[in-house]
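Below is start.cif, holding mmCIF, C-alpha atoms.
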```cif
data_run
#
loop_
_atom_site.label_atom_id
_atom_site.label_comp_id
_atom_site.auth_asym_id
_atom_site.auth_seq_id
_atom_site.Cartn_x
_atom_site.Cartn_y
_atom_site.Cartn_z
CA MET A 134 -124.98 -12.90 -62.14
CA PRO A 135 -126.65 -13.98 -58.89
CA GLU A 136 -126.48 -10.36 -57.71
CA LEU A 137 -128.72 -9.28 -60.60
CA LEU A 138 -131.35 -11.84 -59.72
CA GLU A 139 -131.44 -10.71 -56.10
CA ARG A 140 -132.14 -7.06 -56.96
CA LYS A 141 -135.75 -6.10 -57.02
CA LEU A 142 -137.43 -4.74 -60.14
CA GLU A 143 -138.95 -1.28 -59.63
CA ASN A 144 -141.99 0.19 -61.34
CA CYS A 145 -141.96 3.49 -63.20
CA SER A 146 -143.96 6.11 -61.26
CA PHE A 147 -145.38 7.57 -64.48
CA SER A 148 -145.81 4.76 -67.00
CA GLY A 149 -146.12 1.77 -64.65
CA TYR A 150 -143.62 -0.33 -66.63
CA LYS A 151 -140.84 -2.39 -64.96
CA ILE A 152 -137.46 -0.76 -64.40
CA TYR A 153 -134.59 -3.22 -64.53
CA PRO A 154 -131.43 -2.78 -62.45
CA SER A 155 -129.02 -0.04 -63.60
CA ARG A 156 -131.81 1.62 -65.64
CA GLY A 157 -133.93 4.72 -65.06
CA ARG A 158 -133.71 7.75 -62.84
CA VAL A 159 -134.81 8.57 -59.32
CA PHE A 160 -136.35 11.90 -58.36
CA ILE A 161 -136.82 12.79 -54.68
CA ARG A 162 -139.34 15.53 -54.03
CA GLY A 163 -139.08 18.10 -51.21
CA ASP A 164 -141.43 16.08 -49.00
CA SER A 165 -139.03 13.09 -49.36
CA LYS A 166 -141.34 11.11 -51.67
CA THR A 167 -139.32 9.18 -54.25
CA PHE A 168 -140.32 8.80 -57.90
CA ARG A 169 -138.64 6.32 -60.22
CA PHE A 170 -138.72 6.89 -63.97
CA LEU A 171 -138.00 4.43 -66.75
CA SER A 172 -136.62 7.00 -69.18
CA SER A 173 -136.10 10.70 -69.77
CA LYS A 174 -139.41 10.65 -71.67
CA THR A 175 -141.40 9.61 -68.59
CA ASN A 176 -139.39 12.01 -66.42
CA SER A 177 -140.15 14.90 -68.81
CA LEU A 178 -143.88 14.10 -68.95
CA PHE A 179 -143.97 13.94 -65.13
CA ASP A 180 -142.22 17.32 -64.90
CA GLN A 181 -144.82 18.77 -67.29
CA ALA A 182 -147.51 17.56 -64.86
CA LYS A 183 -149.12 15.39 -67.55
CA ASN A 184 -151.77 12.93 -66.48
CA PRO A 185 -150.65 9.35 -67.26
CA ARG A 186 -154.31 8.33 -67.59
CA LYS A 187 -154.54 10.50 -70.71
CA ILE A 188 -151.37 9.23 -72.41
CA ALA A 189 -152.21 6.20 -74.52
CA TRP A 190 -149.10 4.05 -74.01
CA THR A 191 -149.02 4.06 -70.19
CA ARG A 192 -150.32 1.24 -68.03
CA LEU A 193 -152.76 3.55 -66.23
CA TYR A 194 -154.33 4.58 -69.56
CA ARG A 195 -154.69 0.98 -70.65
CA LYS A 196 -156.28 0.03 -67.34
CA ALA A 197 -158.64 3.02 -67.37
CA HIS A 198 -159.76 2.28 -70.94
CA ARG A 199 -159.93 -1.51 -70.46
CA LYS A 200 -157.32 -2.40 -73.05
CA GLY A 201 -155.88 -5.90 -73.22
CA ILE A 202 -158.42 -7.50 -70.87
CA LYS A 203 -159.85 -10.83 -71.99
CA GLU A 204 -163.57 -10.52 -72.60
CA GLU A 205 -164.45 -14.01 -71.34
CA ALA A 206 -162.84 -13.44 -67.96
CA SER A 207 -164.31 -9.99 -67.38
CA LYS A 208 -167.89 -10.80 -68.44
CA LYS A 209 -170.25 -10.99 -65.50
CA ARG A 210 -173.30 -13.19 -65.33
CA THR A 211 -176.60 -11.39 -65.19
CA ARG A 212 -179.37 -12.75 -63.05
CA ARG A 213 -182.74 -12.79 -64.71
CA ALA A 214 -185.81 -11.92 -62.70
CA VAL A 215 -188.24 -14.81 -62.50
CA LYS A 216 -191.83 -13.84 -63.20
CA TYR A 217 -194.57 -15.13 -60.94
CA ASN A 218 -198.29 -14.88 -61.53
CA ARG A 219 -199.81 -14.01 -58.20
CA ALA A 220 -203.24 -12.90 -57.14
CA VAL A 221 -203.80 -9.38 -55.87
CA VAL A 222 -205.27 -8.98 -52.37
CA GLY A 223 -209.05 -9.38 -52.61
CA VAL A 224 -209.01 -10.74 -56.21
CA SER A 225 -208.15 -14.29 -57.18
CA TRP A 226 -205.83 -15.18 -60.05
CA GLU A 227 -208.77 -16.70 -61.99
CA ALA A 228 -210.70 -13.43 -61.74
CA ILE A 229 -207.69 -11.47 -63.01
CA ASN A 230 -207.34 -13.85 -65.97
CA ALA A 231 -211.07 -13.58 -66.73
CA ARG A 232 -210.81 -9.75 -66.83
CA ARG A 233 -207.71 -9.93 -69.02
CA ASN A 234 -209.38 -12.29 -71.52
CA GLU A 235 -212.57 -10.19 -71.83
CA LYS A 236 -213.40 -8.72 -75.21
CA THR A 237 -212.88 -4.96 -75.63
CA ASP A 238 -216.53 -4.25 -76.50
CA VAL A 239 -217.71 -6.01 -73.30
CA ARG A 240 -215.25 -3.97 -71.27
CA ALA A 241 -216.34 -0.72 -73.00
CA ALA A 242 -220.01 -1.50 -72.30
CA ALA A 243 -219.27 -2.14 -68.63
CA ARG A 244 -217.33 1.13 -68.42
CA ALA A 245 -220.17 3.09 -70.05
CA GLU A 246 -222.68 1.57 -67.62
CA ALA A 247 -220.51 2.50 -64.66
CA VAL A 248 -220.21 6.09 -65.95
CA THR A 249 -224.00 6.44 -66.34
CA LYS A 250 -224.55 5.07 -62.81
CA ALA A 251 -222.04 7.55 -61.39
CA LYS A 252 -223.70 10.46 -63.24
CA ALA A 253 -227.15 9.45 -61.99
CA LYS A 254 -225.88 9.24 -58.42
CA ARG A 255 -224.24 12.68 -58.72
CA LYS A 256 -227.50 14.16 -60.05
CA GLU A 257 -229.44 12.64 -57.16
CA GLU A 258 -227.06 14.12 -54.60
CA ALA A 259 -227.21 17.55 -56.26
CA ALA A 260 -231.03 17.43 -56.22
CA LYS A 261 -231.01 16.48 -52.52
CA LYS A 262 -228.74 19.42 -51.66
CA LYS A 263 -230.95 21.80 -53.64
CA ALA A 264 -234.02 20.59 -51.79
CA GLU A 265 -232.32 21.01 -48.40
CA ARG A 266 -231.31 24.59 -49.26
CA ALA A 267 -234.83 25.46 -50.36
CA ASN A 268 -236.34 24.05 -47.14
CA ALA A 269 -233.82 25.65 -44.76
CA PRO A 270 -234.87 29.09 -43.50
CA ASN A 271 -232.53 31.92 -44.53
CA THR A 272 -232.32 33.78 -41.22
CA ALA A 273 -228.61 34.33 -41.16
CA GLN A 274 -227.50 37.76 -42.30
CA LYS A 275 -224.89 37.87 -45.06
CA ILE A 276 -221.53 38.87 -43.57
CA SER A 277 -218.06 39.26 -44.98
CA LYS A 278 -215.01 37.21 -43.97
CA GLN A 279 -213.65 40.02 -41.81
CA GLN A 280 -216.96 40.32 -39.95
CA ALA A 281 -217.01 36.57 -39.39
CA ARG A 282 -213.59 36.84 -37.78
CA GLY A 283 -214.85 39.48 -35.36
CA ALA A 284 -214.04 42.79 -37.03
CA SER A 285 -216.35 45.64 -36.02
CA MET A 286 -218.87 46.82 -38.58
CA LYS A 287 -218.44 50.15 -40.27
CA PRO A 288 -220.74 52.82 -38.78
CA LYS A 289 -223.43 53.93 -41.20
CA PRO A 290 -223.14 57.53 -42.33
CA THR A 291 -225.67 59.90 -40.74
CA SER A 292 -225.37 62.80 -43.16
CA ARG A 293 -226.83 62.91 -46.67
#
```

Please rewrite the model in this file as C-alpha cells.
Amino acid sequence: MPELLERKLENCSFSGYKIYPSRGRVFIRGDSKTFRFLSSKTNSLFDQAKNPRKIAWTRLYRKAHRKGIKEEASKKRTRRAVKYNRAVVGVSWEAINARRNEKTDVRAAARAEAVTKAKAKRKEEAAKKKAERANAPNTAQKISKQQARGASMKPKPTSR
C-alpha cells in the first residue's frame, strides 16, 4: 500500500478531474505533448475537438460559469464616493446656497431682465455700426473676390 500513496495523482487534460493510479489513458501528440484522460468519454470528446468550457460537467465549465463558489467569499466591497460641498472658484459656498434656495419666479425675473439688457446692448451696437457706415465715404470700387486676389480685369468689348 505505501507504493500507492507515493504515486502522484494526475489531472485529466479535458475534464480537470483527478486521475488515480492505474486509471485513465495517456495520449502523446506528434509534438511530444502528453494528454492524460480520465475515461474514454473524455478522450472521445478531446478527439472531436470539443471545447471543455462548453461542456457542463467539466471543471473548466464550472469555473467559467462561476458554479460552486461561495457568495460570501467572492463578494467584493465597494467603496462609496464621499460627497463634499465645496465652493467654486470666484463664488463662495454661501452664495451658491443662496442661488440654490431662490424661488423660481425670482430667478425667472432675473433671467428676463438679463435678456432685455442683452437685447438693448445688441441694438445699440447695431445702431453704432449703421451710423459709422453712413458717415464713411464710399470711394472704394466694388470688386469681385478674384479681382481682390489680383486677377486681371476682363477687357471691355469695343464693338456693338

Residues picked by the PyMOL selection byres ((chain A and resi 171-187) around 9) here, as a compact mmCIF listing (two decimals) with C-alpha atoms, in the coordinates of the input?
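Final output, part15.txt:
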```txt
# COMPACT_ATOMS: atom_id res chain seq x y z
CA ASN A 144 -141.99 0.19 -61.34
CA CYS A 145 -141.96 3.49 -63.20
CA SER A 146 -143.96 6.11 -61.26
CA PHE A 147 -145.38 7.57 -64.48
CA SER A 148 -145.81 4.76 -67.00
CA GLY A 149 -146.12 1.77 -64.65
CA TYR A 150 -143.62 -0.33 -66.63
CA LYS A 151 -140.84 -2.39 -64.96
CA ILE A 152 -137.46 -0.76 -64.40
CA TYR A 153 -134.59 -3.22 -64.53
CA ARG A 156 -131.81 1.62 -65.64
CA GLY A 157 -133.93 4.72 -65.06
CA ARG A 158 -133.71 7.75 -62.84
CA PHE A 160 -136.35 11.90 -58.36
CA ARG A 169 -138.64 6.32 -60.22
CA PHE A 170 -138.72 6.89 -63.97
CA ILE A 188 -151.37 9.23 -72.41
CA ALA A 189 -152.21 6.20 -74.52
CA TRP A 190 -149.10 4.05 -74.01
CA THR A 191 -149.02 4.06 -70.19
CA ARG A 192 -150.32 1.24 -68.03
CA LEU A 193 -152.76 3.55 -66.23
CA TYR A 194 -154.33 4.58 -69.56
CA ARG A 195 -154.69 0.98 -70.65
CA LYS A 196 -156.28 0.03 -67.34
CA ALA A 197 -158.64 3.02 -67.37
CA HIS A 198 -159.76 2.28 -70.94
```

Separating atom CA of Ala220 of chain A from atom CA of Asn234 of chain A, to the nearest tenth of an Å, is a gap of 15.6 Å

I'd like the interatomic distance between atom CA of Lys275 of chain A and atom CA of Lys289 of chain A, to a tenth of an Å.
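Pair atom CA of Lys275 of chain A / atom CA of Lys289 of chain A returns 16.6 Å.
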
Grab the atom CA of Ala243 of chain A to atom CA of Asn230 of chain A distance for me, in Å with one decimal place.
16.9 Å

So that all listed atoms of segment 140-156 of chain A fit with 4 Å spare on each side, what axis-aligned box centre and edge lengths in Å, to one decimal, would you give as AutoDock Vina command-line options?
```
--center_x -137.6 --center_y 0.3 --center_z -62.0 --size_x 25.1 --size_y 22.6 --size_z 18.0
```
